Amino acid sequence: MALSRCASVTDGQNRELARHGAPSFPLACYRHDGETVNTVPWHWHDELETVLVTEGRAAVSVEGESRELGPGEGCFIAAGALHHVWREGEGAVNLHSMVFHPWLVGGSVESVFWQGYLEPLLADGSNRCVWLSESVPWEREALEAMEAAWRACGEEPPGFEFLAREGLSRLVFLLSAHRPAAKRPPSEKALRDGERIKAMLRFIHEHGSEELTVDRIAQSAAVSGSECLRCFRSMIGTTPMQYVKQFRVRRAAELLEATEEKVADIGAACGFQEASYFARTFRALMGKTPGQYRAERRAAP
């Protein structure tokens, strides 16, 4: 099972469309090595995910809670949690991530593995993300288990599937054994905000090339403009229009790499009516002009 570059393709609800692994072995390992601002865009999926920073610094945000992670630090992200990863500071950031279905380590729902260890994690709506650091012994052990599973998939020795599942099983055991007992479940307000933000993100993705305002985005979730602003700030730490700008630049980057369309035409198709504004915005977020980005991506292996 080859490692893949980190990429995220989502549907209108920001639900990731990619199949992670295969039905017979539902695990996919991804690497990211780059300098772009939006390392992994906002998305969610039904599988569990681990993130480990191996170089540089990355910021991870999961449903309104954000942390800056350095080399050797990581996190475990629950199924269905809306999350986003981006480069923090200057220079490249390297990430190892794994996305896997609970079936891989839990087996059938009647098994002791599922009922004793997976089910408590899956049912705990208050634990959307577990942050892991080398300074805490059990967390260091969890990070080592994550890296062992990732390395097994990269090197593919005989029986690597057993080695990968062994590492992830160890991770799940440690997470279950150290799960906080008194953490309060999410409030009705937090759950409501989660549904609202997904609706507004869906609207932006479906109408990103059109003229968008805060009021128009707010209407898609039947809330006021001020509530829209609060929800964006609370859930994903930015404003609606800043997210629109980031979404348009990310979409333009995909088209620059995948098509032969003119730069100005791509900018217009992504909602930038003025070529000069498109170039300035793209450079501000990506660190290079659209033409430079296209040339570098075409030259990359």
# chains A, B, ... in the order shown; residues from 1 in each chain; ligands from 1
>>> select_by_dssp(residues="range 29-258 of chain A", states="alpha helix (DSSP H)", output="PyMOL selection string")
chain A and resi 103-106+112-113+119-123+137-155+160-177+188-207+214-219+225-236+240-258
>>> residues_around(residues="Val53 in chain A", least_positions_apart="6", cutoff="9 Å", atoms="only C-alpha atoms", output="ChimeraX atom specification")
/A:69-74,93-97
>>> select_by_dssp(residues="range 40-257 of chain A", states="strand (DSSP E)", output="mmCIF file with N, CA, C and O atoms, in the first residue's frame")
data_model
loop_
_atom_site.group_PDB
_atom_site.id
_atom_site.type_symbol
_atom_site.label_atom_id
_atom_site.label_comp_id
_atom_site.auth_asym_id
_atom_site.auth_seq_id
_atom_site.Cartn_x
_atom_site.Cartn_y
_atom_site.Cartn_z
ATOM 1 N N VAL A 40 -4.369 21.431 4.583
ATOM 2 C CA VAL A 40 -5.533 20.561 4.395
ATOM 3 C C VAL A 40 -6.774 21.397 4.668
ATOM 4 O O VAL A 40 -6.930 21.916 5.774
ATOM 5 N N PRO A 41 -7.668 21.566 3.687
ATOM 6 C CA PRO A 41 -8.830 22.443 3.885
ATOM 7 C C PRO A 41 -9.827 21.845 4.865
ATOM 8 O O PRO A 41 -9.741 20.677 5.247
ATOM 9 N N TRP A 42 -10.785 22.666 5.290
ATOM 10 C CA TRP A 42 -11.839 22.189 6.187
ATOM 11 C C TRP A 42 -12.572 21.027 5.541
ATOM 12 O O TRP A 42 -13.009 21.102 4.395
ATOM 13 N N HIS A 43 -12.715 19.925 6.288
ATOM 14 C CA HIS A 43 -13.428 18.759 5.768
ATOM 15 C C HIS A 43 -13.783 17.846 6.947
ATOM 16 O O HIS A 43 -13.355 18.059 8.080
ATOM 17 N N LEU A 48 -11.845 7.530 11.385
ATOM 18 C CA LEU A 48 -10.978 8.137 12.389
ATOM 19 C C LEU A 48 -9.703 8.626 11.704
ATOM 20 O O LEU A 48 -9.320 8.117 10.655
ATOM 21 N N GLU A 49 -9.028 9.600 12.305
ATOM 22 C CA GLU A 49 -7.817 10.125 11.684
ATOM 23 C C GLU A 49 -6.764 10.443 12.741
ATOM 24 O O GLU A 49 -7.078 10.865 13.854
ATOM 25 N N THR A 50 -5.507 10.207 12.361
ATOM 26 C CA THR A 50 -4.377 10.623 13.191
ATOM 27 C C THR A 50 -3.524 11.595 12.390
ATOM 28 O O THR A 50 -3.425 11.496 11.169
ATOM 29 N N VAL A 51 -2.915 12.548 13.082
ATOM 30 C CA VAL A 51 -2.002 13.516 12.465
ATOM 31 C C VAL A 51 -0.745 13.575 13.309
ATOM 32 O O VAL A 51 -0.828 13.705 14.539
ATOM 33 N N LEU A 52 0.420 13.475 12.671
ATOM 34 C CA LEU A 52 1.700 13.572 13.358
ATOM 35 C C LEU A 52 2.599 14.525 12.589
ATOM 36 O O LEU A 52 2.825 14.344 11.391
ATOM 37 N N VAL A 53 3.101 15.558 13.262
ATOM 38 C CA VAL A 53 4.015 16.514 12.641
ATOM 39 C C VAL A 53 5.435 15.981 12.759
ATOM 40 O O VAL A 53 5.888 15.648 13.860
ATOM 41 N N THR A 54 6.140 15.887 11.630
ATOM 42 C CA THR A 54 7.512 15.394 11.639
ATOM 43 C C THR A 54 8.538 16.500 11.404
ATOM 44 O O THR A 54 9.711 16.331 11.718
ATOM 45 N N GLU A 55 8.111 17.616 10.837
ATOM 46 C CA GLU A 55 9.018 18.733 10.581
ATOM 47 C C GLU A 55 8.210 20.023 10.512
ATOM 48 O O GLU A 55 7.086 20.034 10.012
ATOM 49 N N ALA A 58 2.719 23.092 12.511
ATOM 50 C CA ALA A 58 1.404 23.082 11.886
ATOM 51 C C ALA A 58 0.355 23.458 12.914
ATOM 52 O O ALA A 58 0.490 23.159 14.103
ATOM 53 N N ALA A 59 -0.679 24.136 12.463
ATOM 54 C CA ALA A 59 -1.826 24.443 13.314
ATOM 55 C C ALA A 59 -2.968 23.517 12.910
ATOM 56 O O ALA A 59 -3.229 23.325 11.725
ATOM 57 N N VAL A 60 -3.610 22.938 13.901
ATOM 58 C CA VAL A 60 -4.733 22.029 13.674
ATOM 59 C C VAL A 60 -5.940 22.593 14.395
ATOM 60 O O VAL A 60 -5.858 22.964 15.572
ATOM 61 N N SER A 61 -7.059 22.680 13.695
ATOM 62 C CA SER A 61 -8.296 23.169 14.305
ATOM 63 C C SER A 61 -9.382 22.125 14.116
ATOM 64 O O SER A 61 -9.593 21.629 12.999
ATOM 65 N N VAL A 62 -10.040 21.755 15.203
ATOM 66 C CA VAL A 62 -11.111 20.750 15.174
ATOM 67 C C VAL A 62 -12.330 21.350 15.854
ATOM 68 O O VAL A 62 -12.356 21.517 17.075
ATOM 69 N N GLU A 65 -11.682 24.288 18.309
ATOM 70 C CA GLU A 65 -10.530 24.172 19.202
ATOM 71 C C GLU A 65 -9.266 24.028 18.357
ATOM 72 O O GLU A 65 -9.179 23.133 17.518
ATOM 73 N N SER A 66 -8.288 24.893 18.592
ATOM 74 C CA SER A 66 -7.080 24.909 17.773
ATOM 75 C C SER A 66 -5.832 24.738 18.631
ATOM 76 O O SER A 66 -5.791 25.188 19.783
ATOM 77 N N ARG A 67 -4.822 24.093 18.050
ATOM 78 C CA ARG A 67 -3.526 23.939 18.693
ATOM 79 C C ARG A 67 -2.428 24.095 17.644
ATOM 80 O O ARG A 67 -2.607 23.741 16.482
ATOM 81 N N GLU A 68 -1.294 24.601 18.083
ATOM 82 C CA GLU A 68 -0.112 24.622 17.234
ATOM 83 C C GLU A 68 0.763 23.441 17.626
ATOM 84 O O GLU A 68 1.091 23.261 18.800
ATOM 85 N N LEU A 69 1.135 22.627 16.646
ATOM 86 C CA LEU A 69 1.902 21.413 16.897
ATOM 87 C C LEU A 69 3.279 21.516 16.254
ATOM 88 O O LEU A 69 3.418 21.987 15.127
ATOM 89 N N GLY A 74 1.176 15.474 17.849
ATOM 90 C CA GLY A 74 0.109 15.062 16.943
ATOM 91 C C GLY A 74 -1.243 15.095 17.624
ATOM 92 O O GLY A 74 -1.407 15.662 18.699
ATOM 93 N N CYS A 75 -2.209 14.439 16.975
ATOM 94 C CA CYS A 75 -3.565 14.397 17.530
ATOM 95 C C CYS A 75 -4.340 13.256 16.913
ATOM 96 O O CYS A 75 -3.971 12.703 15.869
ATOM 97 N N PHE A 76 -5.424 12.909 17.591
ATOM 98 C CA PHE A 76 -6.380 11.902 17.122
ATOM 99 C C PHE A 76 -7.709 12.610 16.919
ATOM 100 O O PHE A 76 -8.200 13.287 17.824
ATOM 101 N N ILE A 77 -8.300 12.481 15.728
ATOM 102 C CA ILE A 77 -9.520 13.203 15.378
ATOM 103 C C ILE A 77 -10.671 12.214 15.228
ATOM 104 O O ILE A 77 -10.561 11.210 14.525
ATOM 105 N N HIS A 83 -12.530 19.501 10.511
ATOM 106 C CA HIS A 83 -11.174 19.873 10.906
ATOM 107 C C HIS A 83 -10.382 20.447 9.747
ATOM 108 O O HIS A 83 -10.750 20.314 8.583
ATOM 109 N N HIS A 84 -9.274 21.074 10.097
ATOM 110 C CA HIS A 84 -8.475 21.847 9.151
ATOM 111 C C HIS A 84 -7.044 21.887 9.667
ATOM 112 O O HIS A 84 -6.811 22.015 10.869
ATOM 113 N N VAL A 85 -6.070 21.732 8.752
ATOM 114 C CA VAL A 85 -4.662 21.763 9.123
ATOM 115 C C VAL A 85 -3.945 22.747 8.214
ATOM 116 O O VAL A 85 -4.169 22.743 7.000
ATOM 117 N N TRP A 86 -3.079 23.604 8.785
ATOM 118 C CA TRP A 86 -2.347 24.536 7.935
ATOM 119 C C TRP A 86 -0.959 24.788 8.508
ATOM 120 O O TRP A 86 -0.692 24.540 9.685
ATOM 121 N N ARG A 87 -0.080 25.289 7.649
ATOM 122 C CA ARG A 87 1.288 25.600 8.041
ATOM 123 C C ARG A 87 1.304 26.778 9.007
ATOM 124 O O ARG A 87 0.585 27.743 8.821
ATOM 125 N N VAL A 93 6.232 22.389 6.165
ATOM 126 C CA VAL A 93 5.741 21.544 7.247
ATOM 127 C C VAL A 93 5.526 20.155 6.674
ATOM 128 O O VAL A 93 4.987 20.000 5.574
ATOM 129 N N ASN A 94 5.998 19.143 7.387
ATOM 130 C CA ASN A 94 5.819 17.760 6.965
ATOM 131 C C ASN A 94 4.891 17.048 7.942
ATOM 132 O O ASN A 94 5.083 17.134 9.161
ATOM 133 N N LEU A 95 3.909 16.357 7.389
ATOM 134 C CA LEU A 95 2.907 15.674 8.201
ATOM 135 C C LEU A 95 2.792 14.212 7.794
ATOM 136 O O LEU A 95 2.925 13.882 6.620
ATOM 137 N N HIS A 96 2.522 13.364 8.763
ATOM 138 C CA HIS A 96 2.101 11.994 8.511
ATOM 139 C C HIS A 96 0.670 11.881 9.033
ATOM 140 O O HIS A 96 0.406 12.222 10.186
ATOM 141 N N SER A 97 -0.231 11.422 8.209
ATOM 142 C CA SER A 97 -1.605 11.234 8.677
ATOM 143 C C SER A 97 -2.126 9.887 8.220
ATOM 144 O O SER A 97 -1.711 9.365 7.181
ATOM 145 N N MET A 98 -3.012 9.323 9.013
ATOM 146 C CA MET A 98 -3.673 8.064 8.678
ATOM 147 C C MET A 98 -5.173 8.233 8.872
ATOM 148 O O MET A 98 -5.613 8.813 9.857
ATOM 149 N N VAL A 99 -5.919 7.709 7.929
ATOM 150 C CA VAL A 99 -7.377 7.723 8.009
ATOM 151 C C VAL A 99 -7.827 6.272 7.942
ATOM 152 O O VAL A 99 -7.505 5.562 6.979
ATOM 153 N N PHE A 100 -8.553 5.826 8.950
ATOM 154 C CA PHE A 100 -8.913 4.404 8.988
ATOM 155 C C PHE A 100 -10.309 4.213 9.561
ATOM 156 O O PHE A 100 -10.780 4.989 10.411
ATOM 157 N N CYS A 129 -11.361 15.636 19.599
ATOM 158 C CA CYS A 129 -9.944 15.594 19.266
ATOM 159 C C CYS A 129 -9.148 15.340 20.537
ATOM 160 O O CYS A 129 -9.450 15.907 21.590
ATOM 161 N N VAL A 130 -8.145 14.483 20.439
ATOM 162 C CA VAL A 130 -7.229 14.231 21.552
ATOM 163 C C VAL A 130 -5.853 14.716 21.113
ATOM 164 O O VAL A 130 -5.283 14.222 20.136
ATOM 165 N N TRP A 131 -5.302 15.693 21.829
ATOM 166 C CA TRP A 131 -3.992 16.252 21.507
ATOM 167 C C TRP A 131 -2.916 15.410 22.176
ATOM 168 O O TRP A 131 -3.048 15.021 23.337
ATOM 169 N N LEU A 132 -1.835 15.142 21.454
ATOM 170 C CA LEU A 132 -0.805 14.227 21.934
ATOM 171 C C LEU A 132 0.568 14.893 21.914
ATOM 172 O O LEU A 132 0.962 15.488 20.908
#
>>> atom_distance(atom1="CA of Arg298 in chain A", atom2="CA of Ala275 in chain A")
21.6 Å
>>> residues_around(residues="Cys228 in chain A", least_positions_apart="3", cutoff="6 Å", atoms="only C-alpha atoms", output="VMD selection string")
chain A and resid 218 225 231
>>> write_last_selection(atoms="N, CA and C atoms", output="PDB file, in the first residue's frame")
ATOM      1  N   ALA A 218     -25.384  33.923   5.363  1.00  0.00           N
ATOM      2  CA  ALA A 218     -26.190  33.709   6.565  1.00  0.00           C
ATOM      3  C   ALA A 218     -27.566  33.143   6.220  1.00  0.00           C
ATOM      4  N   GLY A 225     -26.867  37.988   9.955  1.00  0.00           N
ATOM      5  CA  GLY A 225     -25.481  38.235   9.597  1.00  0.00           C
ATOM      6  C   GLY A 225     -24.555  38.181  10.791  1.00  0.00           C
ATOM      7  N   CYS A 231     -20.712  32.415  14.360  1.00  0.00           N
ATOM      8  CA  CYS A 231     -20.579  30.976  14.122  1.00  0.00           C
ATOM      9  C   CYS A 231     -19.260  30.653  13.420  1.00  0.00           C
TER      10      CYS A 231
END
>>> residues_around(residues="Glu47 in chain A", least_positions_apart="5", cutoff="9 Å", atoms="only C-alpha atoms", output="list in words")
His20, Ala78, Ala79, Gly80, Val99, Phe100, His101 and Pro102 of chain A
>>> write_last_selection(atoms="all heavy atoms", output="PDB file, in the first residue's frame")
ATOM      1  N   HIS A  20     -10.732   5.856   1.563  1.00  0.00           N
ATOM      2  CA  HIS A  20      -9.490   5.682   2.288  1.00  0.00           C
ATOM      3  C   HIS A  20      -9.194   4.194   2.424  1.00  0.00           C
ATOM      4  O   HIS A  20      -9.855   3.484   3.164  1.00  0.00           O
ATOM      5  CB  HIS A  20      -9.577   6.349   3.664  1.00  0.00           C
ATOM      6  CG  HIS A  20      -9.883   7.817   3.577  1.00  0.00           C
ATOM      7  ND1 HIS A  20      -8.961   8.744   3.136  1.00  0.00           N
ATOM      8  CD2 HIS A  20     -11.011   8.516   3.856  1.00  0.00           C
ATOM      9  CE1 HIS A  20      -9.500   9.942   3.150  1.00  0.00           C
ATOM     10  NE2 HIS A  20     -10.729   9.829   3.586  1.00  0.00           N
ATOM     11  N   ALA A  78     -11.780  12.514  15.887  1.00  0.00           N
ATOM     12  CA  ALA A  78     -12.932  11.616  15.890  1.00  0.00           C
ATOM     13  C   ALA A  78     -13.658  11.627  14.555  1.00  0.00           C
ATOM     14  O   ALA A  78     -13.530  12.559  13.751  1.00  0.00           O
ATOM     15  CB  ALA A  78     -13.891  12.024  17.009  1.00  0.00           C
ATOM     16  N   ALA A  79     -14.431  10.583  14.314  1.00  0.00           N
ATOM     17  CA  ALA A  79     -15.233  10.489  13.092  1.00  0.00           C
ATOM     18  C   ALA A  79     -16.266  11.611  13.055  1.00  0.00           C
ATOM     19  O   ALA A  79     -16.886  11.935  14.073  1.00  0.00           O
ATOM     20  CB  ALA A  79     -15.935   9.135  13.037  1.00  0.00           C
ATOM     21  N   GLY A  80     -16.434  12.216  11.890  1.00  0.00           N
ATOM     22  CA  GLY A  80     -17.438  13.250  11.711  1.00  0.00           C
ATOM     23  C   GLY A  80     -17.031  14.627  12.174  1.00  0.00           C
ATOM     24  O   GLY A  80     -17.817  15.572  12.047  1.00  0.00           O
ATOM     25  N   VAL A  99      -5.919   7.709   7.929  1.00  0.00           N
ATOM     26  CA  VAL A  99      -7.377   7.723   8.009  1.00  0.00           C
ATOM     27  C   VAL A  99      -7.827   6.272   7.942  1.00  0.00           C
ATOM     28  O   VAL A  99      -7.505   5.562   6.979  1.00  0.00           O
ATOM     29  CB  VAL A  99      -7.992   8.543   6.863  1.00  0.00           C
ATOM     30  CG1 VAL A  99      -9.511   8.573   6.990  1.00  0.00           C
ATOM     31  CG2 VAL A  99      -7.424   9.957   6.835  1.00  0.00           C
ATOM     32  N   PHE A 100      -8.553   5.826   8.950  1.00  0.00           N
ATOM     33  CA  PHE A 100      -8.913   4.404   8.988  1.00  0.00           C
ATOM     34  C   PHE A 100     -10.309   4.213   9.561  1.00  0.00           C
ATOM     35  O   PHE A 100     -10.780   4.989  10.411  1.00  0.00           O
ATOM     36  CB  PHE A 100      -7.897   3.605   9.807  1.00  0.00           C
ATOM     37  CG  PHE A 100      -7.815   3.973  11.262  1.00  0.00           C
ATOM     38  CD1 PHE A 100      -8.466   3.215  12.234  1.00  0.00           C
ATOM     39  CD2 PHE A 100      -7.073   5.072  11.679  1.00  0.00           C
ATOM     40  CE1 PHE A 100      -8.382   3.545  13.576  1.00  0.00           C
ATOM     41  CE2 PHE A 100      -6.979   5.414  13.027  1.00  0.00           C
ATOM     42  CZ  PHE A 100      -7.635   4.647  13.971  1.00  0.00           C
ATOM     43  N   HIS A 101     -10.957   3.168   9.089  1.00  0.00           N
ATOM     44  CA  HIS A 101     -12.299   2.852   9.582  1.00  0.00           C
ATOM     45  C   HIS A 101     -12.188   2.102  10.908  1.00  0.00           C
ATOM     46  O   HIS A 101     -11.275   1.275  11.081  1.00  0.00           O
ATOM     47  CB  HIS A 101     -13.055   2.001   8.566  1.00  0.00           C
ATOM     48  CG  HIS A 101     -14.534   2.014   8.780  1.00  0.00           C
ATOM     49  ND1 HIS A 101     -15.144   1.287   9.782  1.00  0.00           N
ATOM     50  CD2 HIS A 101     -15.523   2.687   8.140  1.00  0.00           C
ATOM     51  CE1 HIS A 101     -16.451   1.498   9.748  1.00  0.00           C
ATOM     52  NE2 HIS A 101     -16.712   2.344   8.770  1.00  0.00           N
ATOM     53  N   PRO A 102     -13.087   2.372  11.850  1.00  0.00           N
ATOM     54  CA  PRO A 102     -13.035   1.654  13.131  1.00  0.00           C
ATOM     55  C   PRO A 102     -13.070   0.145  12.996  1.00  0.00           C
ATOM     56  O   PRO A 102     -12.561  -0.576  13.865  1.00  0.00           O
ATOM     57  CB  PRO A 102     -14.284   2.173  13.866  1.00  0.00           C
ATOM     58  CG  PRO A 102     -14.534   3.524  13.280  1.00  0.00           C
ATOM     59  CD  PRO A 102     -14.134   3.416  11.840  1.00  0.00           C
TER      60      PRO A 102
END
>>> residues_around(residues="Tyr277 in chain A", least_positions_apart="2", cutoff="12 Å", atoms="only C-alpha atoms", output="mmCIF file with N, CA and C atoms, in the first residue's frame")
data_model
loop_
_atom_site.group_PDB
_atom_site.id
_atom_site.type_symbol
_atom_site.label_atom_id
_atom_site.label_comp_id
_atom_site.auth_asym_id
_atom_site.auth_seq_id
_atom_site.Cartn_x
_atom_site.Cartn_y
_atom_site.Cartn_z
ATOM 1 N N LYS A 245 -12.486 33.727 0.390
ATOM 2 C CA LYS A 245 -11.237 34.035 -0.314
ATOM 3 C C LYS A 245 -10.317 32.811 -0.348
ATOM 4 N N VAL A 249 -9.127 30.670 -3.732
ATOM 5 C CA VAL A 249 -7.712 30.494 -4.067
ATOM 6 C C VAL A 249 -7.365 29.008 -4.151
ATOM 7 N N ALA A 264 -6.140 34.238 -16.176
ATOM 8 C CA ALA A 264 -7.236 35.190 -15.967
ATOM 9 C C ALA A 264 -8.583 34.490 -16.010
ATOM 10 N N GLY A 267 -9.131 32.658 -12.752
ATOM 11 C CA GLY A 267 -9.495 33.600 -11.705
ATOM 12 C C GLY A 267 -10.950 33.995 -11.781
ATOM 13 N N ALA A 268 -11.427 34.298 -13.000
ATOM 14 C CA ALA A 268 -12.829 34.683 -13.178
ATOM 15 C C ALA A 268 -13.763 33.535 -12.824
ATOM 16 N N GLY A 271 -14.419 33.296 -9.128
ATOM 17 C CA GLY A 271 -15.048 34.409 -8.437
ATOM 18 C C GLY A 271 -14.227 35.676 -8.354
ATOM 19 N N PHE A 272 -13.047 35.703 -8.974
ATOM 20 C CA PHE A 272 -12.212 36.903 -8.990
ATOM 21 C C PHE A 272 -12.441 37.627 -10.319
ATOM 22 N N GLN A 273 -13.186 38.711 -10.288
ATOM 23 C CA GLN A 273 -13.541 39.397 -11.519
ATOM 24 C C GLN A 273 -12.392 40.230 -12.080
ATOM 25 N N GLU A 274 -11.448 40.646 -11.242
ATOM 26 C CA GLU A 274 -10.309 41.426 -11.703
ATOM 27 C C GLU A 274 -9.039 40.584 -11.611
ATOM 28 N N ALA A 275 -8.310 40.510 -12.727
ATOM 29 C CA ALA A 275 -7.104 39.686 -12.776
ATOM 30 C C ALA A 275 -6.052 40.161 -11.776
ATOM 31 N N ALA A 279 -4.419 37.957 -8.738
ATOM 32 C CA ALA A 279 -2.981 37.739 -8.589
ATOM 33 C C ALA A 279 -2.503 38.147 -7.201
ATOM 34 N N ARG A 280 -2.988 39.293 -6.689
ATOM 35 C CA ARG A 280 -2.573 39.762 -5.369
ATOM 36 C C ARG A 280 -3.049 38.817 -4.273
ATOM 37 N N THR A 281 -4.300 38.395 -4.379
ATOM 38 C CA THR A 281 -4.863 37.519 -3.354
ATOM 39 C C THR A 281 -4.177 36.162 -3.371
ATOM 40 N N PHE A 282 -3.961 35.620 -4.566
ATOM 41 C CA PHE A 282 -3.308 34.315 -4.686
ATOM 42 C C PHE A 282 -1.906 34.368 -4.088
ATOM 43 N N ARG A 283 -1.179 35.423 -4.394
ATOM 44 C CA ARG A 283 0.186 35.539 -3.881
ATOM 45 C C ARG A 283 0.196 35.721 -2.369
ATOM 46 N N ALA A 284 -0.752 36.462 -1.846
ATOM 47 C CA ALA A 284 -0.810 36.688 -0.400
ATOM 48 C C ALA A 284 -1.028 35.380 0.360
ATOM 49 N N THR A 289 2.887 33.887 -7.341
ATOM 50 C CA THR A 289 1.845 34.272 -8.290
ATOM 51 C C THR A 289 1.205 33.023 -8.877
ATOM 52 N N PRO A 290 0.012 33.154 -9.482
ATOM 53 C CA PRO A 290 -0.615 31.991 -10.125
ATOM 54 C C PRO A 290 0.292 31.349 -11.175
#
>>> closest_residue(among="A:Ala81, A:Asp124, A:Arg170, A:Gln219", to="Met146 in chain A", atoms="only C-alpha atoms")
A:Arg170
>>> closest_residue(among="A:Glu161, A:Trp114, A:Ala92, A:Ala142", to="Ala28 in chain A", atoms="only C-alpha atoms")
A:Glu161
>>> residues_around(residues="range 200-217 of chain A", least_positions_apart="5", cutoff="8 Å", atoms="only C-alpha atoms", output="ChimeraX atom specification")
/A:12-14,224-225,228-229,240-241,244,247-248,268-272
>>> atom_distance(atom1="CA of Leu256 in chain A", atom2="CA of Leu82 in chain A")
26.7 Å
>>> residues_around(residues="Phe162 in chain A", least_positions_apart="2", cutoff="12 Å", atoms="only C-alpha atoms", output="VMD selection string")
chain A and resid 25 27 104 to 105 148 to 149 152 to 153 156 to 160 164 to 169
>>> atom_distance(atom1="CA of Ala199 in chain A", atom2="CA of Asp46 in chain A")
17.6 Å
>>> closest_residue(among="A:Arg140, A:His45, A:Arg230, A:Arg128", to="Leu171 in chain A", atoms="only C-alpha atoms")
A:Arg140
>>> closest_residue(among="A:Trp150, A:Gly125, A:Val112, A:Glu63", to="Cys29 in chain A", atoms="only C-alpha atoms")
A:Trp150
>>> decode(residues="range 89-103 of chain A", atoms="N, CA, C and O atoms", output="JSON list (two decimals), in the first residue's frame")
[["chain", "number", "residue", "atom", "x", "y", "z"],
["A", 89, "GLY", "N", 3.88, 29.59, 10.62],
["A", 89, "GLY", "CA", 5.20, 30.17, 10.52],
["A", 89, "GLY", "C", 5.82, 29.98, 9.15],
["A", 89, "GLY", "O", 5.14, 29.63, 8.18],
["A", 90, "GLU", "N", 7.12, 30.21, 9.07],
["A", 90, "GLU", "CA", 7.84, 30.12, 7.81],
["A", 90, "GLU", "C", 8.35, 28.71, 7.57],
["A", 90, "GLU", "O", 8.49, 27.91, 8.49],
["A", 91, "GLY", "N", 8.66, 28.42, 6.30],
["A", 91, "GLY", "CA", 9.24, 27.14, 5.96],
["A", 91, "GLY", "C", 8.21, 26.06, 5.75],
["A", 91, "GLY", "O", 7.01, 26.24, 5.94],
["A", 92, "ALA", "N", 8.70, 24.90, 5.34],
["A", 92, "ALA", "CA", 7.82, 23.77, 5.02],
["A", 92, "ALA", "C", 7.35, 23.08, 6.29],
["A", 92, "ALA", "O", 7.97, 23.17, 7.35],
["A", 93, "VAL", "N", 6.23, 22.39, 6.16],
["A", 93, "VAL", "CA", 5.74, 21.54, 7.25],
["A", 93, "VAL", "C", 5.53, 20.16, 6.67],
["A", 93, "VAL", "O", 4.99, 20.00, 5.57],
["A", 94, "ASN", "N", 6.00, 19.14, 7.39],
["A", 94, "ASN", "CA", 5.82, 17.76, 6.96],
["A", 94, "ASN", "C", 4.89, 17.05, 7.94],
["A", 94, "ASN", "O", 5.08, 17.13, 9.16],
["A", 95, "LEU", "N", 3.91, 16.36, 7.39],
["A", 95, "LEU", "CA", 2.91, 15.67, 8.20],
["A", 95, "LEU", "C", 2.79, 14.21, 7.79],
["A", 95, "LEU", "O", 2.93, 13.88, 6.62],
["A", 96, "HIS", "N", 2.52, 13.36, 8.76],
["A", 96, "HIS", "CA", 2.10, 11.99, 8.51],
["A", 96, "HIS", "C", 0.67, 11.88, 9.03],
["A", 96, "HIS", "O", 0.41, 12.22, 10.19],
["A", 97, "SER", "N", -0.23, 11.42, 8.21],
["A", 97, "SER", "CA", -1.60, 11.23, 8.68],
["A", 97, "SER", "C", -2.13, 9.89, 8.22],
["A", 97, "SER", "O", -1.71, 9.37, 7.18],
["A", 98, "MET", "N", -3.01, 9.32, 9.01],
["A", 98, "MET", "CA", -3.67, 8.06, 8.68],
["A", 98, "MET", "C", -5.17, 8.23, 8.87],
["A", 98, "MET", "O", -5.61, 8.81, 9.86],
["A", 99, "VAL", "N", -5.92, 7.71, 7.93],
["A", 99, "VAL", "CA", -7.38, 7.72, 8.01],
["A", 99, "VAL", "C", -7.83, 6.27, 7.94],
["A", 99, "VAL", "O", -7.51, 5.56, 6.98],
["A", 100, "PHE", "N", -8.55, 5.83, 8.95],
["A", 100, "PHE", "CA", -8.91, 4.40, 8.99],
["A", 100, "PHE", "C", -10.31, 4.21, 9.56],
["A", 100, "PHE", "O", -10.78, 4.99, 10.41],
["A", 101, "HIS", "N", -10.96, 3.17, 9.09],
["A", 101, "HIS", "CA", -12.30, 2.85, 9.58],
["A", 101, "HIS", "C", -12.19, 2.10, 10.91],
["A", 101, "HIS", "O", -11.28, 1.28, 11.08],
["A", 102, "PRO", "N", -13.09, 2.37, 11.85],
["A", 102, "PRO", "CA", -13.03, 1.65, 13.13],
["A", 102, "PRO", "C", -13.07, 0.15, 13.00],
["A", 102, "PRO", "O", -12.56, -0.58, 13.86],
["A", 103, "TRP", "N", -13.66, -0.36, 11.90],
["A", 103, "TRP", "CA", -13.72, -1.81, 11.70],
["A", 103, "TRP", "C", -12.33, -2.44, 11.69],
["A", 103, "TRP", "O", -12.17, -3.60, 12.07]]
